[in-house]
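Enquirer: I am sharing protein_26.cif, which consists of mmCIF, C-alpha atoms:
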```
data_target
loop_
_atom_site.label_atom_id
_atom_site.label_comp_id
_atom_site.auth_asym_id
_atom_site.auth_seq_id
_atom_site.Cartn_x
_atom_site.Cartn_y
_atom_site.Cartn_z
CA MET A 1 150.85 130.69 82.01
CA THR A 2 147.84 130.36 79.73
CA LEU A 3 145.64 127.30 79.78
CA ASP A 4 143.64 126.23 76.77
CA SER A 5 139.99 125.29 77.07
CA THR A 6 140.68 121.56 76.67
CA THR A 7 142.94 121.52 79.73
CA ILE A 8 140.37 123.42 81.78
CA TRP A 9 137.60 121.00 80.78
CA LEU A 10 139.79 117.97 81.57
CA VAL A 11 140.70 119.33 84.99
CA ASP A 12 137.04 120.15 85.66
CA ALA A 13 135.96 116.63 84.62
CA GLY A 14 138.68 115.03 86.75
CA VAL A 15 137.80 117.02 89.85
CA SER A 16 134.09 116.31 89.31
CA LEU A 17 134.69 112.56 88.97
CA GLY A 18 136.92 112.55 92.04
CA THR A 19 134.30 114.36 94.11
CA TYR A 20 131.58 112.01 92.90
CA ALA A 21 133.74 108.96 93.70
CA LEU A 22 134.47 110.16 97.24
CA ARG A 23 130.85 110.98 98.04
CA SER A 24 129.36 107.87 96.48
CA SER A 25 131.92 105.59 98.13
CA PHE A 26 130.83 106.85 101.54
CA LEU A 27 127.13 106.45 100.77
CA LEU A 28 127.55 103.03 99.21
CA SER A 29 129.79 101.72 101.98
CA ILE A 30 127.30 102.50 104.76
CA ASP A 31 125.23 99.43 103.93
CA ARG A 32 128.29 97.17 103.91
CA LEU A 33 129.39 98.45 107.31
CA GLY A 34 126.02 97.81 108.89
CA GLY A 35 124.63 101.34 108.88
CA LEU A 36 125.53 104.43 110.81
CA PRO A 37 126.24 104.31 114.54
CA SER A 38 123.35 105.51 116.68
CA SER A 39 125.38 108.46 117.97
CA VAL A 40 125.84 109.71 114.40
CA GLU A 41 122.15 109.21 113.61
CA ARG A 42 121.21 111.27 116.67
CA VAL A 43 123.22 114.31 115.55
CA LEU A 44 122.42 114.17 111.82
CA PRO A 45 119.22 116.25 112.10
CA PHE A 46 121.29 119.14 113.48
CA VAL A 47 123.75 119.27 110.58
CA PRO A 48 121.68 121.57 108.31
CA ILE A 49 121.11 124.01 111.17
CA ALA A 50 124.81 124.10 112.02
CA VAL A 51 125.81 124.59 108.38
CA LEU A 52 123.28 127.40 107.93
CA ALA A 53 124.50 129.10 111.10
CA GLY A 54 128.09 128.81 109.91
CA LEU A 55 127.21 130.36 106.57
CA LEU A 56 125.07 133.19 107.94
CA ALA A 57 127.00 134.22 111.07
CA PRO A 58 129.85 136.03 109.28
CA ASP A 59 127.43 138.00 107.11
CA LEU A 60 125.26 138.98 110.05
CA LEU A 61 127.92 139.71 112.67
CA VAL A 62 130.91 141.09 110.75
CA VAL A 63 130.86 144.54 109.14
CA GLY A 64 133.99 146.03 107.63
CA GLY A 65 136.19 143.24 108.95
CA SER A 66 135.27 143.66 112.62
CA LEU A 67 132.61 142.26 114.90
CA ALA A 68 129.49 144.47 114.92
CA VAL A 69 126.82 143.40 117.37
CA GLY A 70 124.53 146.34 117.97
CA PRO A 71 121.75 148.50 116.62
CA ASP A 72 124.02 150.08 114.03
CA ASN A 73 124.38 146.77 112.13
CA PRO A 74 121.60 146.64 109.50
CA GLN A 75 122.38 143.04 108.49
CA LEU A 76 121.94 141.82 112.07
CA LEU A 77 118.67 143.73 112.50
CA ALA A 78 117.30 142.40 109.20
CA GLY A 79 118.40 138.90 110.22
CA ALA A 80 116.52 139.27 113.50
CA VAL A 81 113.40 140.38 111.62
CA ALA A 82 113.75 137.41 109.25
CA PHE A 83 114.18 135.07 112.23
CA VAL A 84 110.94 136.31 113.80
CA VAL A 85 109.10 135.89 110.49
CA ALA A 86 110.53 132.38 110.07
CA TRP A 87 109.52 131.48 113.62
CA TYR A 88 105.90 132.54 113.20
CA THR A 89 105.18 131.72 109.56
CA GLU A 90 107.48 128.73 108.92
CA SER A 91 107.56 129.93 105.31
CA ILE A 92 110.85 130.23 103.45
CA LEU A 93 109.36 132.62 100.90
CA ALA A 94 107.98 134.94 103.58
CA THR A 95 111.25 134.80 105.52
CA VAL A 96 113.42 135.68 102.54
CA GLY A 97 111.01 138.31 101.26
CA VAL A 98 110.54 140.11 104.57
CA GLY A 99 114.23 139.78 105.42
CA MET A 100 115.30 141.36 102.12
CA VAL A 101 112.76 144.19 102.41
CA ALA A 102 113.92 144.81 105.99
CA LEU A 103 117.56 144.88 104.89
CA TRP A 104 116.87 147.26 102.01
CA ALA A 105 114.83 149.54 104.26
CA LEU A 106 117.52 149.56 106.94
CA LEU A 107 120.27 150.23 104.40
CA TRP A 108 118.20 153.07 102.96
CA LEU A 109 117.51 154.56 106.41
CA VAL A 110 121.03 154.18 107.83
CA PRO A 111 123.61 156.14 105.82
#
```
Would you kindly transcribe this structure into structure tokens?

Expert:
Amino acid sequence: MTLDSTTIWLVDAGVSLGTYALRSSFLLSIDRLGGLPSSVERVLPFVPIAVLAGLLAPDLLVVGGSLAVGPDNPQLLAGAVAFVVAWYTESILATVGVGMVALWALLWLVP
């Protein structure tokens, strides 16, 4: 089945509007409901950390479809180096730069 460009644009616009409506309805309804519960406000600062961990963990810990936690995993070693740089410098640019250089060096050294 072949779709023409008009159909694709209409589907894209519909999905975009639906997503916008769902997200804005939640944000706009918070004020009407009296704000967020205190338990939700307590855990909100941890959401970005949890999302980042969920995005990075598979790339750092899985190699070739299996769990690889050891010195033969260059992604994990480069991630550890990037973590140390992030801890000491608190600089995103330094973390990404050093992490990428570490990954390239480890990939070049390990066949």

Enquirer: Mind giving me the straight-line distance from atom CA of Phe83 of chain A to atom CA of Val96 of chain A in Å, one decimal?

Expert: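 Taking atom CA of Phe83 of chain A and atom CA of Val96 of chain A, their separation equals 9.7 Å.
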
Enquirer: Restricting the calculation to only C-alpha atoms, which member of A:Pro74, A:Val84, A:Gly79, A:Ile92 is positioned closest to Leu106 of chain A?

Expert: A:Pro74

Enquirer: How would you write, as a PDB file with C-alpha atoms, in the coordinates of the input, the residues chosen by the PyMOL selection byres ((chain A and resi 99) around 10) on this structure?

Expert:
```pdb
ATOM      1  CA  GLN A  75     122.380 143.040 108.490  1.00  0.00           C
ATOM      2  CA  LEU A  77     118.670 143.730 112.500  1.00  0.00           C
ATOM      3  CA  ALA A  78     117.300 142.400 109.200  1.00  0.00           C
ATOM      4  CA  GLY A  79     118.400 138.900 110.220  1.00  0.00           C
ATOM      5  CA  ALA A  80     116.520 139.270 113.500  1.00  0.00           C
ATOM      6  CA  VAL A  81     113.400 140.380 111.620  1.00  0.00           C
ATOM      7  CA  ALA A  82     113.750 137.410 109.250  1.00  0.00           C
ATOM      8  CA  PHE A  83     114.180 135.070 112.230  1.00  0.00           C
ATOM      9  CA  VAL A  84     110.940 136.310 113.800  1.00  0.00           C
ATOM     10  CA  VAL A  85     109.100 135.890 110.490  1.00  0.00           C
ATOM     11  CA  ALA A  86     110.530 132.380 110.070  1.00  0.00           C
ATOM     12  CA  LEU A  93     109.360 132.620 100.900  1.00  0.00           C
ATOM     13  CA  ALA A  94     107.980 134.940 103.580  1.00  0.00           C
ATOM     14  CA  THR A  95     111.250 134.800 105.520  1.00  0.00           C
ATOM     15  CA  VAL A  96     113.420 135.680 102.540  1.00  0.00           C
ATOM     16  CA  GLY A  97     111.010 138.310 101.260  1.00  0.00           C
ATOM     17  CA  VAL A  98     110.540 140.110 104.570  1.00  0.00           C
ATOM     18  CA  MET A 100     115.300 141.360 102.120  1.00  0.00           C
ATOM     19  CA  VAL A 101     112.760 144.190 102.410  1.00  0.00           C
ATOM     20  CA  ALA A 102     113.920 144.810 105.990  1.00  0.00           C
ATOM     21  CA  LEU A 103     117.560 144.880 104.890  1.00  0.00           C
ATOM     22  CA  TRP A 104     116.870 147.260 102.010  1.00  0.00           C
ATOM     23  CA  ALA A 105     114.830 149.540 104.260  1.00  0.00           C
TER      24      ALA A 105
END
```

Enquirer: Between atom CA of Val40 of chain A and atom CA of Phe26 of chain A, what is the distance in Å, rounded to a tenth?

Expert: 14.1 Å

Enquirer: Mind pulling up the distance from atom CA of Ala50 of chain A to atom CA of Ala21 of chain A?

Expert: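 Pair atom CA of Ala21 of chain A / atom CA of Ala50 of chain A returns 25.4 Å.
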
Enquirer: Please report as JSON lines every residue of segment 52-86 of chain A lying within 10 Å of segment 45-48 of chain A, along with the nearest atom pair and their distance in Å (one decimal), using all atoms listed in the file.

Expert:
```
{"residue": "A:Leu52", "atom": "CA", "partner": "A:Pro48", "partner_atom": "CA", "distance": 6.1}
{"residue": "A:Ala53", "atom": "CA", "partner": "A:Pro48", "partner_atom": "CA", "distance": 8.5}
{"residue": "A:Gly54", "atom": "CA", "partner": "A:Pro48", "partner_atom": "CA", "distance": 9.8}
```

Enquirer: Just so the selection is clear, what residues does the PyMOL selection byres ((chain A and resi 58-60) around 6) cover here, as JSON, numbers by chain?

Expert: {"A": [56, 57, 61, 62, 75, 76]}

Enquirer: Select, from A:Leu3, A:Asn73, A:Ile49, A:Ser29, the residue with the minimum atom-to-atom distance to Val110 of chain A, counting only C-alpha atoms.

Expert: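 Among the listed residues, the smallest separation from Val110 of chain A belongs to A:Asn73.
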
Enquirer: For segment 5-37 of chain A, which lacks atoms in the input, supply N, CA and C atoms and format the output as a JSON list (two decimals), in the frame of the given file.

Expert:
```json
[["chain", "number", "residue", "atom", "x", "y", "z"],
["A", 5, "SER", "N", 141.29, 125.73, 76.58],
["A", 5, "SER", "CA", 139.99, 125.29, 77.07],
["A", 5, "SER", "C", 139.93, 123.78, 77.28],
["A", 6, "THR", "N", 140.68, 123.01, 76.51],
["A", 6, "THR", "CA", 140.68, 121.56, 76.67],
["A", 6, "THR", "C", 141.25, 121.17, 78.03],
["A", 7, "THR", "N", 142.33, 121.81, 78.43],
["A", 7, "THR", "CA", 142.94, 121.52, 79.73],
["A", 7, "THR", "C", 141.98, 121.88, 80.85],
["A", 8, "ILE", "N", 141.31, 122.99, 80.74],
["A", 8, "ILE", "CA", 140.37, 123.42, 81.78],
["A", 8, "ILE", "C", 139.23, 122.42, 81.89],
["A", 9, "TRP", "N", 138.70, 121.97, 80.75],
["A", 9, "TRP", "CA", 137.60, 121.00, 80.78],
["A", 9, "TRP", "C", 138.06, 119.66, 81.36],
["A", 10, "LEU", "N", 139.28, 119.24, 81.02],
["A", 10, "LEU", "CA", 139.79, 117.97, 81.57],
["A", 10, "LEU", "C", 139.99, 118.05, 83.07],
["A", 11, "VAL", "N", 140.52, 119.16, 83.55],
["A", 11, "VAL", "CA", 140.70, 119.33, 84.99],
["A", 11, "VAL", "C", 139.34, 119.37, 85.68],
["A", 12, "ASP", "N", 138.39, 120.08, 85.10],
["A", 12, "ASP", "CA", 137.04, 120.15, 85.66],
["A", 12, "ASP", "C", 136.40, 118.76, 85.72],
["A", 13, "ALA", "N", 136.53, 117.99, 84.65],
["A", 13, "ALA", "CA", 135.96, 116.63, 84.62],
["A", 13, "ALA", "C", 136.64, 115.74, 85.65],
["A", 14, "GLY", "N", 137.96, 115.84, 85.78],
["A", 14, "GLY", "CA", 138.68, 115.03, 86.75],
["A", 14, "GLY", "C", 138.29, 115.35, 88.18],
["A", 15, "VAL", "N", 138.19, 116.62, 88.49],
["A", 15, "VAL", "CA", 137.80, 117.02, 89.85],
["A", 15, "VAL", "C", 136.36, 116.59, 90.12],
["A", 16, "SER", "N", 135.48, 116.72, 89.14],
["A", 16, "SER", "CA", 134.09, 116.31, 89.31],
["A", 16, "SER", "C", 133.99, 114.81, 89.56],
["A", 17, "LEU", "N", 134.71, 114.01, 88.78],
["A", 17, "LEU", "CA", 134.69, 112.56, 88.97],
["A", 17, "LEU", "C", 135.27, 112.17, 90.33],
["A", 18, "GLY", "N", 136.33, 112.83, 90.74],
["A", 18, "GLY", "CA", 136.92, 112.55, 92.04],
["A", 18, "GLY", "C", 135.97, 112.87, 93.18],
["A", 19, "THR", "N", 135.28, 113.99, 93.09],
["A", 19, "THR", "CA", 134.30, 114.36, 94.11],
["A", 19, "THR", "C", 133.16, 113.36, 94.14],
["A", 20, "TYR", "N", 132.66, 112.99, 92.97],
["A", 20, "TYR", "CA", 131.58, 112.01, 92.90],
["A", 20, "TYR", "C", 132.02, 110.67, 93.49],
["A", 21, "ALA", "N", 133.24, 110.24, 93.19],
["A", 21, "ALA", "CA", 133.74, 108.96, 93.70],
["A", 21, "ALA", "C", 133.84, 108.98, 95.22],
["A", 22, "LEU", "N", 134.35, 110.08, 95.78],
["A", 22, "LEU", "CA", 134.47, 110.16, 97.24],
["A", 22, "LEU", "C", 133.11, 110.14, 97.92],
["A", 23, "ARG", "N", 132.17, 110.91, 97.41],
["A", 23, "ARG", "CA", 130.85, 110.98, 98.04],
["A", 23, "ARG", "C", 130.08, 109.67, 97.87],
["A", 24, "SER", "N", 130.12, 109.10, 96.69],
["A", 24, "SER", "CA", 129.36, 107.87, 96.48],
["A", 24, "SER", "C", 129.98, 106.70, 97.23],
["A", 25, "SER", "N", 131.30, 106.69, 97.39],
["A", 25, "SER", "CA", 131.92, 105.59, 98.13],
["A", 25, "SER", "C", 131.47, 105.60, 99.58],
["A", 26, "PHE", "N", 131.32, 106.78, 100.16],
["A", 26, "PHE", "CA", 130.83, 106.85, 101.54],
["A", 26, "PHE", "C", 129.39, 106.36, 101.63],
["A", 27, "LEU", "N", 128.55, 106.84, 100.72],
["A", 27, "LEU", "CA", 127.13, 106.45, 100.77],
["A", 27, "LEU", "C", 126.94, 104.97, 100.48],
["A", 28, "LEU", "N", 127.71, 104.44, 99.56],
["A", 28, "LEU", "CA", 127.55, 103.03, 99.21],
["A", 28, "LEU", "C", 128.16, 102.10, 100.25],
["A", 29, "SER", "N", 129.15, 102.58, 100.99],
["A", 29, "SER", "CA", 129.79, 101.72, 101.98],
["A", 29, "SER", "C", 129.03, 101.66, 103.30],
["A", 30, "ILE", "N", 128.06, 102.53, 103.51],
["A", 30, "ILE", "CA", 127.30, 102.50, 104.76],
["A", 30, "ILE", "C", 126.57, 101.18, 104.92],
["A", 31, "ASP", "N", 125.96, 100.70, 103.85],
["A", 31, "ASP", "CA", 125.23, 99.43, 103.93],
["A", 31, "ASP", "C", 126.16, 98.27, 104.24],
["A", 32, "ARG", "N", 127.34, 98.28, 103.67],
["A", 32, "ARG", "CA", 128.29, 97.17, 103.91],
["A", 32, "ARG", "C", 128.82, 97.18, 105.34],
["A", 33, "LEU", "N", 128.87, 98.35, 105.95],
["A", 33, "LEU", "CA", 129.39, 98.45, 107.31],
["A", 33, "LEU", "C", 128.31, 98.24, 108.37],
["A", 34, "GLY", "N", 127.08, 98.06, 107.93],
["A", 34, "GLY", "CA", 126.02, 97.81, 108.89],
["A", 34, "GLY", "C", 125.27, 99.05, 109.31],
["A", 35, "GLY", "N", 125.35, 100.11, 108.55],
["A", 35, "GLY", "CA", 124.63, 101.34, 108.88],
["A", 35, "GLY", "C", 125.45, 102.29, 109.72],
["A", 36, "LEU", "N", 124.86, 103.42, 110.00],
["A", 36, "LEU", "CA", 125.53, 104.43, 110.81],
["A", 36, "LEU", "C", 125.39, 104.11, 112.30],
["A", 37, "PRO", "N", 126.38, 104.48, 113.09],
["A", 37, "PRO", "CA", 126.24, 104.31, 114.54],
["A", 37, "PRO", "C", 125.09, 105.18, 115.06]]
```
